[in-house]
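Coordinates as given in my_file-v5.pdb (PDB, C-alpha atoms):
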```
ATOM      1  CA  GLY A   1     -12.220-101.122  54.974  1.00  0.00           C
ATOM      2  CA  TRP A   2      -8.557-101.813  54.214  1.00  0.00           C
ATOM      3  CA  ILE A   3      -9.012-100.746  50.588  1.00  0.00           C
ATOM      4  CA  ASN A   4     -10.922 -97.578  51.508  1.00  0.00           C
ATOM      5  CA  GLY A   5      -8.250 -96.473  53.989  1.00  0.00           C
ATOM      6  CA  TYR A   6      -5.256 -97.690  52.003  1.00  0.00           C
ATOM      7  CA  ARG A   7      -4.324 -94.319  50.486  1.00  0.00           C
ATOM      8  CA  HIS A   8      -3.792 -92.919  53.984  1.00  0.00           C
ATOM      9  CA  LYS A   9      -1.549 -95.810  55.017  1.00  0.00           C
ATOM     10  CA  PRO A  10      -0.128 -97.649  51.983  1.00  0.00           C
ATOM     11  CA  GLU A  11       0.816-101.271  52.645  1.00  0.00           C
ATOM     12  CA  PRO A  12       1.749-102.671  49.214  1.00  0.00           C
ATOM     13  CA  GLU A  13       3.367-105.729  50.754  1.00  0.00           C
ATOM     14  CA  HIS A  14      -0.104-106.936  51.821  1.00  0.00           C
ATOM     15  CA  LEU A  15      -1.538-106.770  48.312  1.00  0.00           C
ATOM     16  CA  PRO A  16      -0.754-110.402  47.307  1.00  0.00           C
ATOM     17  CA  VAL A  17      -2.508-111.707  50.438  1.00  0.00           C
ATOM     18  CA  ALA A  18      -5.553-109.575  49.670  1.00  0.00           C
ATOM     19  CA  ILE A  19      -5.677-110.768  46.051  1.00  0.00           C
ATOM     20  CA  GLN A  20      -5.496-114.427  47.062  1.00  0.00           C
ATOM     21  CA  ALA A  21      -8.171-113.921  49.726  1.00  0.00           C
ATOM     22  CA  LEU A  22     -10.485-112.254  47.198  1.00  0.00           C
ATOM     23  CA  SER A  23      -9.852-115.068  44.732  1.00  0.00           C
ATOM     24  CA  ARG A  24     -10.696-117.726  47.337  1.00  0.00           C
ATOM     25  CA  ALA A  25     -13.854-115.828  48.273  1.00  0.00           C
ATOM     26  CA  GLY A  26     -15.028-115.760  44.645  1.00  0.00           C
ATOM     27  CA  ALA A  27     -14.921-111.961  44.412  1.00  0.00           C
ATOM     28  CA  PHE A  28     -13.664-112.073  40.818  1.00  0.00           C
ATOM     29  CA  ARG A  29     -16.324-114.398  39.402  1.00  0.00           C
ATOM     30  CA  ASP A  30     -18.329-111.574  37.836  1.00  0.00           C
ATOM     31  CA  PRO A  31     -16.124-109.235  35.747  1.00  0.00           C
ATOM     32  CA  GLU A  32     -18.814-106.538  35.755  1.00  0.00           C
ATOM     33  CA  SER A  33     -18.686-106.240  39.553  1.00  0.00           C
ATOM     34  CA  SER A  34     -14.909-106.569  39.920  1.00  0.00           C
ATOM     35  CA  GLY A  35     -13.933-103.155  38.571  1.00  0.00           C
ATOM     36  CA  VAL A  36     -13.056-101.622  41.923  1.00  0.00           C
ATOM     37  CA  TYR A  37     -10.646-104.495  42.649  1.00  0.00           C
ATOM     38  CA  ILE A  38      -9.028-104.201  39.213  1.00  0.00           C
ATOM     39  CA  GLY A  39      -8.524-100.465  39.675  1.00  0.00           C
ATOM     40  CA  PHE A  40      -7.141-100.937  43.169  1.00  0.00           C
ATOM     41  CA  VAL A  41      -4.670-103.678  42.239  1.00  0.00           C
ATOM     42  CA  ALA A  42      -3.593-101.708  39.168  1.00  0.00           C
ATOM     43  CA  GLY A  43      -3.112 -98.593  41.281  1.00  0.00           C
ATOM     44  CA  VAL A  44      -0.963-100.334  43.893  1.00  0.00           C
ATOM     45  CA  ILE A  45       1.180-102.015  41.238  1.00  0.00           C
ATOM     46  CA  GLY A  46       1.588 -98.734  39.365  1.00  0.00           C
ATOM     47  CA  ALA A  47       2.540 -96.816  42.511  1.00  0.00           C
ATOM     48  CA  ASN A  48       5.286 -99.302  43.388  1.00  0.00           C
ATOM     49  CA  PRO A  49       7.366 -99.866  40.245  1.00  0.00           C
ATOM     50  CA  GLU A  50      10.413-101.052  42.183  1.00  0.00           C
ATOM     51  CA  ILE A  51       8.530-104.048  43.634  1.00  0.00           C
ATOM     52  CA  ALA A  52       5.810-104.465  40.989  1.00  0.00           C
ATOM     53  CA  GLY A  53       7.274-107.741  39.710  1.00  0.00           C
ATOM     54  CA  ASP A  54       7.441-109.189  43.226  1.00  0.00           C
ATOM     55  CA  LEU A  55       3.851-108.159  44.010  1.00  0.00           C
ATOM     56  CA  ILE A  56       2.647-109.885  40.845  1.00  0.00           C
ATOM     57  CA  ALA A  57       4.664-113.061  41.449  1.00  0.00           C
ATOM     58  CA  GLN A  58       3.564-113.332  45.090  1.00  0.00           C
ATOM     59  CA  SER A  59      -0.116-113.097  44.077  1.00  0.00           C
ATOM     60  CA  PHE A  60       0.096-116.599  42.610  1.00  0.00           C
ATOM     61  CA  PRO A  61      -1.117-119.284  42.778  1.00  0.00           C
ATOM     62  CA  MET A  62      -4.754-118.296  42.351  1.00  0.00           C
ATOM     63  CA  HIS A  63      -7.740-119.919  40.699  1.00  0.00           C
ATOM     64  CA  PRO A  64      -7.051-120.148  36.923  1.00  0.00           C
ATOM     65  CA  GLU A  65     -10.418-118.582  36.192  1.00  0.00           C
ATOM     66  CA  ASP A  66      -9.199-115.445  38.007  1.00  0.00           C
ATOM     67  CA  HIS A  67      -6.037-114.994  35.923  1.00  0.00           C
ATOM     68  CA  TRP A  68      -7.808-112.301  33.882  1.00  0.00           C
ATOM     69  CA  VAL A  69      -7.736-110.083  36.976  1.00  0.00           C
ATOM     70  CA  MET A  70      -3.937-109.945  37.015  1.00  0.00           C
ATOM     71  CA  VAL A  71      -3.737-109.487  33.244  1.00  0.00           C
ATOM     72  CA  ARG A  72      -6.069-106.495  33.347  1.00  0.00           C
ATOM     73  CA  SER A  73      -4.489-105.051  36.493  1.00  0.00           C
ATOM     74  CA  ILE A  74      -0.996-105.117  34.986  1.00  0.00           C
ATOM     75  CA  ALA A  75      -2.270-103.554  31.751  1.00  0.00           C
ATOM     76  CA  HIS A  76      -4.090-100.789  33.647  1.00  0.00           C
ATOM     77  CA  SER A  77      -1.190-100.111  36.047  1.00  0.00           C
ATOM     78  CA  GLY A  78       0.173 -97.236  33.976  1.00  0.00           C
ATOM     79  CA  LEU A  79       3.762 -98.408  34.414  1.00  0.00           C
ATOM     80  CA  PRO A  80       6.036 -97.532  31.467  1.00  0.00           C
ATOM     81  CA  ASP A  81       7.135-101.167  31.223  1.00  0.00           C
ATOM     82  CA  TRP A  82       3.753-102.801  31.813  1.00  0.00           C
ATOM     83  CA  LYS A  83       3.967-104.722  28.541  1.00  0.00           C
ATOM     84  CA  HIS A  84       7.306-106.207  29.594  1.00  0.00           C
ATOM     85  CA  LEU A  85       5.817-107.157  32.982  1.00  0.00           C
ATOM     86  CA  LEU A  86       2.845-108.770  31.293  1.00  0.00           C
ATOM     87  CA  SER A  87       5.103-110.785  28.983  1.00  0.00           C
ATOM     88  CA  GLU A  88       7.393-111.751  31.851  1.00  0.00           C
ATOM     89  CA  HIS A  89       4.556-113.166  33.935  1.00  0.00           C
ATOM     90  CA  ALA A  90       2.510-114.598  31.052  1.00  0.00           C
ATOM     91  CA  TYR A  91       3.647-118.138  31.894  1.00  0.00           C
ATOM     92  CA  ARG A  92       1.803-117.844  35.222  1.00  0.00           C
ATOM     93  CA  MET A  93      -1.461-117.170  33.353  1.00  0.00           C
ATOM     94  CA  PRO A  94      -1.586-119.760  30.554  1.00  0.00           C
ATOM     95  CA  THR A  95      -5.377-119.582  30.340  1.00  0.00           C
ATOM     96  CA  ARG A  96      -5.194-115.946  29.158  1.00  0.00           C
ATOM     97  CA  LYS A  97      -2.792-116.103  26.215  1.00  0.00           C
ATOM     98  CA  VAL A  98      -5.236-114.423  23.820  1.00  0.00           C
ATOM     99  CA  MET A  99      -6.081-111.646  26.286  1.00  0.00           C
ATOM    100  CA  ILE A 100      -2.397-110.974  26.986  1.00  0.00           C
ATOM    101  CA  ALA A 101      -1.591-110.824  23.272  1.00  0.00           C
ATOM    102  CA  LYS A 102      -4.414-108.358  22.627  1.00  0.00           C
ATOM    103  CA  TYR A 103      -3.249-106.001  25.371  1.00  0.00           C
ATOM    104  CA  ILE A 104       0.340-106.132  24.151  1.00  0.00           C
ATOM    105  CA  ASP A 105      -0.581-105.422  20.516  1.00  0.00           C
ATOM    106  CA  GLY A 106      -2.925-102.596  21.525  1.00  0.00           C
ATOM    107  CA  SER A 107      -6.180-104.284  20.504  1.00  0.00           C
ATOM    108  CA  LEU A 108      -7.528-103.804  24.031  1.00  0.00           C
ATOM    109  CA  PRO A 109      -7.367-100.264  25.513  1.00  0.00           C
ATOM    110  CA  THR A 110      -6.023 -99.471  28.979  1.00  0.00           C
ATOM    111  CA  LEU A 111      -6.982 -96.868  31.576  1.00  0.00           C
ATOM    112  CA  ASN A 112      -4.201 -94.557  30.379  1.00  0.00           C
ATOM    113  CA  ASP A 113      -4.831 -94.850  26.636  1.00  0.00           C
ATOM    114  CA  THR A 114      -6.029 -91.701  24.872  1.00  0.00           C
ATOM    115  CA  GLN A 115      -6.545 -90.712  21.276  1.00  0.00           C
ATOM    116  CA  ALA A 116      -5.564 -87.464  19.623  1.00  0.00           C
ATOM    117  CA  GLN A 117      -7.957 -84.523  19.806  1.00  0.00           C
ATOM    118  CA  THR A 118      -9.227 -82.877  16.623  1.00  0.00           C
ATOM    119  CA  PRO A 119      -7.433 -79.510  16.327  1.00  0.00           C
ATOM    120  CA  PRO A 120      -9.602 -76.373  15.922  1.00  0.00           C
ATOM    121  CA  SER A 121     -10.407 -75.415  12.331  1.00  0.00           C
ATOM    122  CA  THR A 122      -9.139 -72.203  10.734  1.00  0.00           C
ATOM    123  CA  ASN A 123     -12.678 -70.759  10.897  1.00  0.00           C
ATOM    124  CA  ASP A 124     -12.844 -71.462  14.641  1.00  0.00           C
ATOM    125  CA  LYS A 125      -9.492 -69.748  15.169  1.00  0.00           C
ATOM    126  CA  ILE A 126     -10.596 -66.652  13.196  1.00  0.00           C
ATOM    127  CA  LYS A 127     -13.943 -66.511  15.029  1.00  0.00           C
ATOM    128  CA  ARG A 128     -12.211 -66.583  18.433  1.00  0.00           C
ATOM    129  CA  LEU A 129      -9.738 -63.931  17.278  1.00  0.00           C
ATOM    130  CA  LEU A 130     -12.528 -61.568  16.160  1.00  0.00           C
ATOM    131  CA  THR A 131     -14.834 -62.138  19.143  1.00  0.00           C
ATOM    132  CA  GLY A 132     -12.180 -62.436  21.807  1.00  0.00           C
ATOM    133  CA  ALA A 133     -13.757 -65.687  22.985  1.00  0.00           C
ATOM    134  CA  LYS A 134     -11.582 -67.956  25.071  1.00  0.00           C
ATOM    135  CA  PRO A 135     -10.796 -71.368  23.589  1.00  0.00           C
ATOM    136  CA  PRO A 136     -12.756 -74.191  25.247  1.00  0.00           C
ATOM    137  CA  ILE A 137     -10.947 -76.411  27.713  1.00  0.00           C
ATOM    138  CA  PRO A 138     -10.092 -79.527  25.696  1.00  0.00           C
ATOM    139  CA  ALA A 139     -11.512 -82.752  27.071  1.00  0.00           C
ATOM    140  CA  VAL A 140      -9.198 -85.739  27.057  1.00  0.00           C
ATOM    141  CA  ASP A 141     -10.502 -88.335  24.642  1.00  0.00           C
ATOM    142  CA  TRP A 142     -10.065 -91.666  26.425  1.00  0.00           C
ATOM    143  CA  LYS A 143     -10.122 -94.817  24.330  1.00  0.00           C
ATOM    144  CA  LEU A 144     -11.667 -96.855  27.145  1.00  0.00           C
ATOM    145  CA  GLU A 145     -15.422 -96.317  26.811  1.00  0.00           C
ATOM    146  CA  ALA A 146     -17.249 -94.852  29.792  1.00  0.00           C
ATOM    147  CA  SER A 147     -19.156 -97.601  31.598  1.00  0.00           C
ATOM    148  CA  PRO A 148     -20.123 -98.681  35.133  1.00  0.00           C
ATOM    149  CA  GLU A 149     -17.094-100.998  35.132  1.00  0.00           C
ATOM    150  CA  LEU A 150     -14.791 -98.080  34.255  1.00  0.00           C
ATOM    151  CA  LEU A 151     -16.402 -96.010  37.018  1.00  0.00           C
ATOM    152  CA  ASP A 152     -15.601 -98.766  39.518  1.00  0.00           C
ATOM    153  CA  MET A 153     -12.017 -99.066  38.239  1.00  0.00           C
ATOM    154  CA  LEU A 154     -11.476 -95.336  38.679  1.00  0.00           C
ATOM    155  CA  TRP A 155     -12.678 -95.553  42.275  1.00  0.00           C
ATOM    156  CA  GLY A 156     -10.321 -98.466  42.859  1.00  0.00           C
ATOM    157  CA  ARG A 157      -7.413 -96.467  41.449  1.00  0.00           C
ATOM    158  CA  PHE A 158      -8.293 -93.556  43.753  1.00  0.00           C
ATOM    159  CA  TYR A 159      -8.420 -95.833  46.805  1.00  0.00           C
ATOM    160  CA  ALA A 160      -4.964 -97.141  45.912  1.00  0.00           C
ATOM    161  CA  THR A 161      -3.278 -93.815  45.261  1.00  0.00           C
ATOM    162  CA  GLY A 162      -5.370 -90.870  46.456  1.00  0.00           C
ATOM    163  CA  ASP A 163      -4.577 -89.229  43.102  1.00  0.00           C
ATOM    164  CA  TYR A 164      -6.876 -86.585  41.640  1.00  0.00           C
ATOM    165  CA  GLY A 165      -6.720 -87.999  38.097  1.00  0.00           C
ATOM    166  CA  PRO A 166      -9.307 -90.788  38.546  1.00  0.00           C
ATOM    167  CA  ILE A 167     -11.672 -88.403  40.360  1.00  0.00           C
ATOM    168  CA  LEU A 168     -11.346 -85.885  37.528  1.00  0.00           C
ATOM    169  CA  ARG A 169     -12.475 -88.542  35.057  1.00  0.00           C
ATOM    170  CA  ILE A 170     -15.463 -89.416  37.269  1.00  0.00           C
ATOM    171  CA  VAL A 171     -16.379 -85.716  37.493  1.00  0.00           C
ATOM    172  CA  GLY A 172     -16.216 -85.670  33.694  1.00  0.00           C
ATOM    173  CA  MET A 173     -19.085 -88.188  33.644  1.00  0.00           C
ATOM    174  CA  LEU A 174     -21.457 -85.900  35.584  1.00  0.00           C
ATOM    175  CA  PRO A 175     -23.006 -84.222  32.502  1.00  0.00           C
ATOM    176  CA  PHE A 176     -24.287 -87.666  31.487  1.00  0.00           C
ATOM    177  CA  SER A 177     -26.793 -87.308  34.351  1.00  0.00           C
ATOM    178  CA  LYS A 178     -28.604 -84.732  32.184  1.00  0.00           C
ATOM    179  CA  ASP A 179     -28.535 -86.835  29.004  1.00  0.00           C
ATOM    180  CA  ASN A 180     -32.118 -87.641  28.022  1.00  0.00           C
ATOM    181  CA  GLU A 181     -31.106 -89.237  24.724  1.00  0.00           C
ATOM    182  CA  SER A 182     -29.315 -92.289  26.146  1.00  0.00           C
ATOM    183  CA  VAL A 183     -30.481 -94.442  29.032  1.00  0.00           C
ATOM    184  CA  ASP A 184     -26.969 -95.887  29.427  1.00  0.00           C
ATOM    185  CA  LYS A 185     -25.343 -92.460  29.732  1.00  0.00           C
ATOM    186  CA  LEU A 186     -28.105 -91.181  32.005  1.00  0.00           C
ATOM    187  CA  THR A 187     -27.612 -94.175  34.307  1.00  0.00           C
ATOM    188  CA  LEU A 188     -23.830 -93.799  34.307  1.00  0.00           C
ATOM    189  CA  GLY A 189     -24.058 -90.082  35.076  1.00  0.00           C
ATOM    190  CA  ALA A 190     -26.420 -90.790  37.962  1.00  0.00           C
ATOM    191  CA  MET A 191     -24.026 -93.432  39.290  1.00  0.00           C
ATOM    192  CA  ALA A 192     -21.103 -91.011  39.080  1.00  0.00           C
ATOM    193  CA  LYS A 193     -23.126 -88.347  40.872  1.00  0.00           C
ATOM    194  CA  TYR A 194     -24.232 -90.636  43.694  1.00  0.00           C
ATOM    195  CA  THR A 195     -20.863 -92.338  44.263  1.00  0.00           C
ATOM    196  CA  LEU A 196     -19.108 -88.959  44.431  1.00  0.00           C
ATOM    197  CA  ALA A 197     -21.639 -87.683  46.980  1.00  0.00           C
ATOM    198  CA  ASN A 198     -21.655 -90.878  49.027  1.00  0.00           C
ATOM    199  CA  ASN A 199     -17.887 -91.298  49.187  1.00  0.00           C
ATOM    200  CA  SER A 200     -17.135 -87.624  49.808  1.00  0.00           C
ATOM    201  CA  SER A 201     -19.672 -87.527  52.656  1.00  0.00           C
ATOM    202  CA  ARG A 202     -17.402 -89.970  54.501  1.00  0.00           C
ATOM    203  CA  ASN A 203     -14.043 -88.629  53.277  1.00  0.00           C
ATOM    204  CA  PRO A 204     -13.317 -84.965  54.083  1.00  0.00           C
ATOM    205  CA  ASP A 205     -10.206 -84.971  51.875  1.00  0.00           C
ATOM    206  CA  LEU A 206     -12.239 -86.093  48.876  1.00  0.00           C
ATOM    207  CA  LEU A 207     -14.964 -83.528  49.594  1.00  0.00           C
ATOM    208  CA  GLU A 208     -12.390 -80.740  49.674  1.00  0.00           C
ATOM    209  CA  MET A 209     -10.879 -82.057  46.452  1.00  0.00           C
ATOM    210  CA  LEU A 210     -14.274 -81.851  44.727  1.00  0.00           C
ATOM    211  CA  LYS A 211     -14.914 -78.311  45.974  1.00  0.00           C
ATOM    212  CA  ARG A 212     -11.566 -77.148  44.586  1.00  0.00           C
ATOM    213  CA  SER A 213     -12.292 -78.916  41.313  1.00  0.00           C
ATOM    214  CA  ALA A 214     -15.556 -77.037  40.752  1.00  0.00           C
ATOM    215  CA  ARG A 215     -13.673 -73.814  40.020  1.00  0.00           C
ATOM    216  CA  GLN A 216     -11.975 -75.404  36.985  1.00  0.00           C
ATOM    217  CA  GLN A 217     -15.024 -77.160  35.543  1.00  0.00           C
ATOM    218  CA  PRO A 218     -17.347 -76.034  32.722  1.00  0.00           C
ATOM    219  CA  GLU A 219     -20.477 -74.287  33.994  1.00  0.00           C
ATOM    220  CA  GLU A 220     -22.810 -77.254  33.521  1.00  0.00           C
ATOM    221  CA  THR A 221     -20.460 -79.660  35.301  1.00  0.00           C
ATOM    222  CA  ALA A 222     -19.797 -77.148  38.088  1.00  0.00           C
ATOM    223  CA  LYS A 223     -23.536 -76.856  38.822  1.00  0.00           C
ATOM    224  CA  ILE A 224     -23.932 -80.622  39.134  1.00  0.00           C
ATOM    225  CA  LEU A 225     -20.775 -80.841  41.241  1.00  0.00           C
ATOM    226  CA  LYS A 226     -22.209 -78.194  43.579  1.00  0.00           C
ATOM    227  CA  GLN A 227     -25.255 -80.439  44.085  1.00  0.00           C
ATOM    228  CA  VAL A 228     -22.884 -83.306  44.900  1.00  0.00           C
ATOM    229  CA  THR A 229     -20.852 -81.365  47.478  1.00  0.00           C
ATOM    230  CA  ASP A 230     -23.971 -79.827  49.050  1.00  0.00           C
ATOM    231  CA  ALA A 231     -25.482 -83.304  49.451  1.00  0.00           C
ATOM    232  CA  ALA A 232     -22.241 -84.562  51.019  1.00  0.00           C
ATOM    233  CA  ASP A 233     -21.986 -81.580  53.372  1.00  0.00           C
ATOM    234  CA  THR A 234     -25.575 -81.978  54.587  1.00  0.00           C
ATOM    235  CA  MET A 235     -25.788 -85.790  54.326  1.00  0.00           C
ATOM    236  CA  GLN A 236     -28.794 -85.439  52.011  1.00  0.00           C
ATOM    237  CA  LEU A 237     -27.849 -88.454  49.926  1.00  0.00           C
ATOM    238  CA  THR A 238     -31.397 -89.694  49.333  1.00  0.00           C
ATOM    239  CA  ALA A 239     -32.138 -86.828  46.948  1.00  0.00           C
ATOM    240  CA  ILE A 240     -28.983 -87.596  44.948  1.00  0.00           C
ATOM    241  CA  ARG A 241     -29.914 -91.273  44.778  1.00  0.00           C
TER
END
```
Can you give me the file's structure in the form of structure tokens?
Amino acid sequence: GWINGYRHKPEPEHLPVAIQALSRAGAFRDPESSGVYIGFVAGVIGANPEIAGDLIAQSFPMHPEDHWVMVRSIAHSGLPDWKHLLSEHAYRMPTRKVMIAKYIDGSLPTLNDTQAQTPPSTNDKIKRLLTGAKPPIPAVDWKLEASPELLDMLWGRFYATGDYGPILRIVGMLPFSKDNESVDKLTLGAMAKYTLANNSSRNPDLLEMLKRSARQQPEETAKILKQVTDAADTMQLTAIR
């Protein structure tokens, strides 16, 4: 409840207590089900650069097996100096030396990492010039592969900040719900569709955000998003599930 309502009443000073409580409760034992916590912690740290170091330091001590949570949260925080923060607090997480090194050298991608888009070919440019067709809206090519864990992390980031960016990336997963070539993508798209409908049915601000977003989405995505917002408006979540 505190995490879900946090964006309406930010209390970053309580983050270390929450992290230690989650650690004691064993909430971080399964990395695949901890994504929402990683995204949330990363979001709070990233939104409070002036006290980020203090929030990290005050989160210790915690169970050594949970050190990976802080490593990943710092890396995903989006702070310009996250690598410096990770190096500065590395001594607190001696069990994760390899993981820390891989994030710092770029071997492991973060939530904010992207790779360059392929520019349009000369033929494409000429074709658009002759036909008057509008150039397609470029999709951001994120290095972090779409997965249920990433979906959870994006929700955690939204809970921490209320920012539209994480929601936009979740909306970008909706076309996967029509993918009949890949079970993994089909499942992920269905998860994105249901979590958007379920959460927006209980959060009017999120529902309004999704309705505004539909006007800027490609036609296929906009149709699926309309199903999501209709389900949220009418509380017909069973059909979406």
Spatial neighbours of A:Ser147, max dist 9 Å, only C-alpha atoms, sep filter under 4 positions, as a PDB file with C-alpha atoms, in the frame of the given file:
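And here's out.pdb as it stands now:
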```pdb
ATOM      1  CA  LEU A 151     -16.402 -96.010  37.018  1.00  0.00           C
ATOM      2  CA  ASP A 152     -15.601 -98.766  39.518  1.00  0.00           C
ATOM      3  CA  ASP A 184     -26.969 -95.887  29.427  1.00  0.00           C
ATOM      4  CA  LYS A 185     -25.343 -92.460  29.732  1.00  0.00           C
ATOM      5  CA  LEU A 188     -23.830 -93.799  34.307  1.00  0.00           C
TER       6      LEU A 188
END
```
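Among the candidates A:Met209, A:Ser200, A:Arg215, A:Asp30, the residue lying nearest to A:Met235 is A:Ser200 (atoms considered: all atoms listed in the file).
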message: Just checking: using only C-alpha atoms, which residue out of A:Met191, A:Leu150, A:Val183, A:Val171 ends up closest to A:Lys226?
response: A:Val171
- prompt: Expanded to explicit residues, what is the PyMOL selection byres ((chain A and resi 162) around 10) for this file, as a PyMOL selection string?
  reply: chain A and resi 5-8+43+155-161+163-167+205-206
Interatomic distance (Å, one decimal) between atom CA of A:Asp66 and atom CA of A:Gly35: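 Atom CA of A:Asp66 sits 13.2 Å away from atom CA of A:Gly35.
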- request: May I ask which of the residues A:Ser213, A:Tyr194, A:Asn180, A:His63 is the closest one to A:Leu237, counting all atoms listed in the file?
  value: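 Ranked by minimum distance to A:Leu237, first place goes to A:Tyr194.
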field: Pick from A:Pro204, A:Gly172, A:Pro16, A:Pro10 nearest to A:Gln216, counting all atoms listed in the file
entry: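 Of all the options, A:Gly172 lies closest to A:Gln216.
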- request: Take atom CA of A:Pro64 and atom CA of A:Leu22 and report the distance between them in Å, one decimal.
  value: 13.4 Å
